[in-house]
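Visitor: The structure follows.
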There are 2 protein chains.
Amino acid sequence: MARKNVLYAQSGGVTPVINATACGVIEAAREHKEQFGKVYAGRDGIIGVLREELIDTSKERKADIAGLRHTPGGAFGSCRYKLRGMEENQREYERLIEVFKAHNIGVFLYNGGGDSSDTAYKVSQIGQKMGFPVQCIGVPKTIDNDLPITDNCPGFGSVAKYVAVSIMEASLDVESMASSSTKVFILEVMGRHAGWIAAAGGLAQQEQGDPPHVILFPEVTFDEAAFLAKVDRAVKKHGYCSVVVSEGVRDASGKFLADAGVRDAFGHAQLGGVAPVVAGLVKAKLGYKYHWAVSDYLQRSARHVASQTDVDQAYAMGAAAIKLAAEGKSGVMPIIERVSDQPYRWRAGEAQLSRMANKEKMMPKKFISKDGMGITAAARRYLAPLIQGEAYPPYGKNGLPNYVRMRKVLLDKKLPPFEV
Amino acid sequence: MARKNVLYAQSGGVTPVINATACGVIEAAREHKEQFGKVYAGRDGIIGVLREELIDTSKERKADIAGLRHTPGGAFGSCRYKLRGMEENQREYERLIEVFKAHNIGVFLYNGGGDSSDTAYKVSQIGQKMGFPVQCIGVPKTIDNDLPITDNCPGFGSVAKYVAVSIMEASLDVESMASSSTKVFILEVMGRHAGWIAAAGGLAQQEQGDPPHVILFPEVTFDEAAFLAKVDRAVKKHGYCSVVVSEGVRDASGKFLADAGVRDAFGHAQLGGVAPVVAGLVKAKLGYKYHWAVSDYLQRSARHVASQTDVDQAYAMGAAAIKLAAEGKSGVMPIIERVSDQPYRWRAGEAQLSRMANKEKMMPKKFISKDGMGITAAARRYLAPLIQGEAYPPYGKNGLPNYVRMRKVLLDKKLPPFEV
């Protein structure tokens, strides 16, 4: 039988650097030609695998594959689709194995977060059971930085850099005009369950009193009085107050602040957006003029301000996954191990998927300041290296980044259709 | 009498490159030492001048002055403060002249938009009348790009680049996941009266069908049915729809869509934000899953993704203002004259302040596509050069831009206090 092929799929929300991981996978596999055949990619992630929509990456131009290293989004497509437990949903797992069989897949690389680790782990088990063993390897990715065991997650560093740079810049703007205009600026960032992204805003503080003056974490129950008091103190001391708020902040009843009753013109609840809610509170209780921004997808696609550390790690995790495959491993995930904080040094390690699956890594308590609205020196030590280095995409003469697009040539189907 | 001093003041909303103009002023004045004494800057703009709070820029480190070229915000402070007509408010105009006299100011450079042109023009008149002639020179600045006569305004090009790059990146993100997740993405940008910034989003379109698929301008009355139909067509054709909406979009009754009744948890109306309103409409009428972002101050402080063309022009306008002063001119403003589109060439020109004052340059009709929701080839020809070139700020080892801060050493006061 010919060398086995590699199947790569992206999973869940994309990041500014998930394509760098894809690039690492494809370029590393090319260097193991004696062992691996082609690298296929699921179109739109696992859904494409179930539908037997497999992209033949060998049909892409080599320069475009190299360009994945600096292109945001998910170049082969991704999806939010969690396979349920094997008992309820054996049909889908079996289908995956059928697709693997039909296309001689020996290695399945699933590039995602906790859910994907779980799926990859289950697929490795069912392959065994069905007599078609496939090496299933997870590849870490999530802007939320909430995977266990790995020191940090590819994707997070670039979002962290975007948030730190953005709040630093917007704060300079607010400060310039605060004496006669906006006094409170609120930036909403992602992170529904863990406050890593919000914490990264704290990196903008280089000296005592620097903005952001307040950070609101999902880990800390929103205390309206304490929040308002801190905002007021900052305005009185610095002339303005700069706030980073996580979309996941909750009130004492456990309800997301973002769901606290914002209604549109048509009376529909929950447009999302905690920033306007917090801004309204500042206005109502303190009377300060405010502005707010919601960066939403901008933060997780801003490849133009990516962290070099993050890009390097994302690429390295892709290459490391192929290395693990070449060593015959299965049920594992390459991870990032921190060797030292300063100077920052790291290396690729390895963890069992069974230990990664469905676990979320929250911010440790020691990373959040006593008042619950800032970060500690320990957090700074951990976060700082992750935003180091600039990794600009190449730009065209037109002033826009030269992002690449895949041709996405699909393999001929060999199996009957499958309803997803 | 000694050489006269130069007084520089920033006015209105700041930009990513207004400090580059300040840098141009200070560095050019240094090269005319035979003619000019020191360069002072009004703290927080004209308010500081009225209060006799004048920053001595010669007390700043030379390297920090050079660093203004890459630092966003308003380094000396700015304000929104429009002097009223001379009849109603002769007191303030006279105070300005007293401050000028007290500190031997021979040149007043006012760096702002249409309002500032008006003020500078009036100050030049009253100086004459009071027997203390001061050369009053406007220096163009506004992200809104709505000044007449000048081909474009420093500040706009960098915001345009931010918007084009951001919508390009976010669209790649949305496209990757649209098959199973968000189908409509809406980015709100500034421009309450003129749609220049929204139009710049259109530069992200490099090929037919590229995002953004819909642009909503303040110049075009919002047509709900036409908008929804276009969004729906884009989703059906491309799998997703990417929208740029100006904060200034109005409905048929002339009301801002942003004011269309968004209420917070406390029942307060008008949090601002047209994006959530439009998103709610998409959800209610088309049922598509959406995401929205409001870039707010991020867009006008994003020096990290500034346009080189813009930075060059901002600096050049500052230097050109000093050149006009050295030539003995008053009541004028340096402007940008376009020599050719492709290759883009421009030069510094000169216009009478009386012709600039209080006029807004709207987008020409020929720049907006027939359906009112896109830009034309003519718009593209005009806009494209303004985002050309990258002008990254220097970064520290910590992964953050090395933005500078002024020491802001004030001159000793010589006059009695003045109530502003």
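Convention: chains lettered A, B, ... in structure tokens order; per-chain residue numbering from 1; ligands numbered from 1 as shown.
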Give the residues of chain A that lie within 6 Å of chain B; count only C-alpha atoms, and format the answer as a count of residues only.

Guide: 31

Visitor: Please identify all polymer residues within 6 Å of A:Glu350, counting only C-alpha atoms, omitting same-chain residues fewer than 6 positions from it, and present them as a ChimeraX atom specification.

Guide: /A:333-335

Visitor: Using only C-alpha atoms, which residue out of B:Gln313, B:Thr57, B:Asn5, B:Gln135 lies closest to B:Arg407?

Guide: B:Thr57

Visitor: Can you work out which one of B:Ala160, B:Val235, B:Ala229, B:Leu411 has the shortest atom-to-atom distance to B:Ala200, counting only C-alpha atoms?

Guide: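 Ranking B:Ala160, B:Val235, B:Ala229, B:Leu411 by distance to B:Ala200, first place goes to B:Ala160.
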
Visitor: If DSSP is run on the backbone, what residues of stretch 173-317 of chain A are alpha helix (DSSP H)? A reply as a PyMOL selection string would be ideal.

Guide: chain A and resi 173-177+196-201+224-238+274-286+297-301+308-317

Visitor: List as a list of chain:residue names the protein and nucleic acid residues near A:Arg345, meaning an atom at most 12 Å away when only C-alpha atoms are counted, but skip any in the same chain fewer than 2 places from it.

Guide: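 The residues satisfying every condition are A:Asp151, A:Thr309, A:Gln313, A:Ile336, A:Glu337, A:Arg338, A:Val339, A:Ser340, A:Asp341, A:Gln342, A:Pro343, A:Arg347, A:Ala348, A:Tyr382, A:Pro385, A:Leu386, A:Gln388.
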
Visitor: For a quick check of understanding, using only C-alpha atoms, which of A:Leu353, A:Ala9, A:Ala252, A:Val107 has the smallest distance to A:Asp223?

Guide: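 Of the candidates, the smallest distance to A:Asp223 is held by A:Ala252.
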
Visitor: By how many Å are atom CA of A:Glu247 and atom CA of B:Asp232 apart?

Guide: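 Between these atoms lies a distance of 28.4 Å.
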
Visitor: Which residues of stretch 68-143 of chain B sit at most 7 Å from stretch 315-332 of chain B, using only C-alpha atoms? Give each one's shortest atom pair and distance in Å (one decimal place), in chain and ascending residue order, as JSON lines.

Guide:
{"residue": "B:Val107", "atom": "CA", "partner": "B:Ala325", "partner_atom": "CA", "distance": 6.9}
{"residue": "B:Tyr121", "atom": "CA", "partner": "B:Gly331", "partner_atom": "CA", "distance": 5.6}
{"residue": "B:Ser124", "atom": "CA", "partner": "B:Gly331", "partner_atom": "CA", "distance": 6.3}
{"residue": "B:Gln135", "atom": "CA", "partner": "B:Ser330", "partner_atom": "CA", "distance": 4.5}
{"residue": "B:Cys136", "atom": "CA", "partner": "B:Ser330", "partner_atom": "CA", "distance": 5.0}
{"residue": "B:Ile137", "atom": "CA", "partner": "B:Val332", "partner_atom": "CA", "distance": 5.2}
{"residue": "B:Gly138", "atom": "CA", "partner": "B:Val332", "partner_atom": "CA", "distance": 6.2}
{"residue": "B:Val139", "atom": "CA", "partner": "B:Met317", "partner_atom": "CA", "distance": 6.5}

Visitor: Write out as a list in words the residues lying within 7 Å of A:Glu360, counting only C-alpha atoms and excluding same-chain residues fewer than 6 positions away.

Guide: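 Result of the neighbour search: Asp146, Leu147 and Pro148 of chain A.
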
Visitor: Could you save the residues just selected, with C-alpha atoms, as a CSV table (one decimal), in the first residue's frame?

Guide:
chain,number,residue,atom,x,y,z
A,146,ASP,CA,-7.9,28.2,27.9
A,147,LEU,CA,-6.4,24.9,27.0
A,148,PRO,CA,-4.8,23.0,29.9

Visitor: For B:Val49, which of B:Gly157, B:Val99, B:Lys82, B:Ile368 is the closest residue, counting only C-alpha atoms?

Guide: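 Closest to B:Val49 of all the choices is B:Val99.
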
Visitor: Near B:Phe222, counting only C-alpha atoms, which residues have an atom at most 7 Å away, once you skip same-chain residues fewer than 3 positions from it, shown as a ChimeraX atom specification?

Guide: /B:249-252

Visitor: I need the residues from that last selection saved to file as a short mmCIF file (atom, residue, chain, number, x, y, z; two decimals), in the first residue's frame (with C-alpha atoms), if you can.

Guide:
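result.cif, written as the output of this step:
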data_model
loop_
_atom_site.label_atom_id
_atom_site.label_comp_id
_atom_site.auth_asym_id
_atom_site.auth_seq_id
_atom_site.Cartn_x
_atom_site.Cartn_y
_atom_site.Cartn_z
CA VAL B 249 -26.59 56.83 8.39
CA ARG B 250 -30.08 58.29 8.59
CA ASP B 251 -33.54 57.05 7.83
CA ALA B 252 -36.08 58.74 5.57
#

Visitor: Counting only C-alpha atoms, which residue out of B:Leu109, B:Ser117, B:Ala194, B:Val123 sits closest to B:Tyr93?

Guide: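 Closest to B:Tyr93, using only C-alpha atoms: B:Val123.
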
Visitor: How many Å lie between atom CA of B:Ile143 and atom CA of B:Gly372, rounded to one decimal?

Guide: 22.3 Å

Visitor: As a PyMOL selection string, which residues of stretch 248-355 of chain B does DSSP assign to strand (DSSP E or B)?

Guide: chain B and resi 250+256+263+269+290-294+307+332-340+345-352
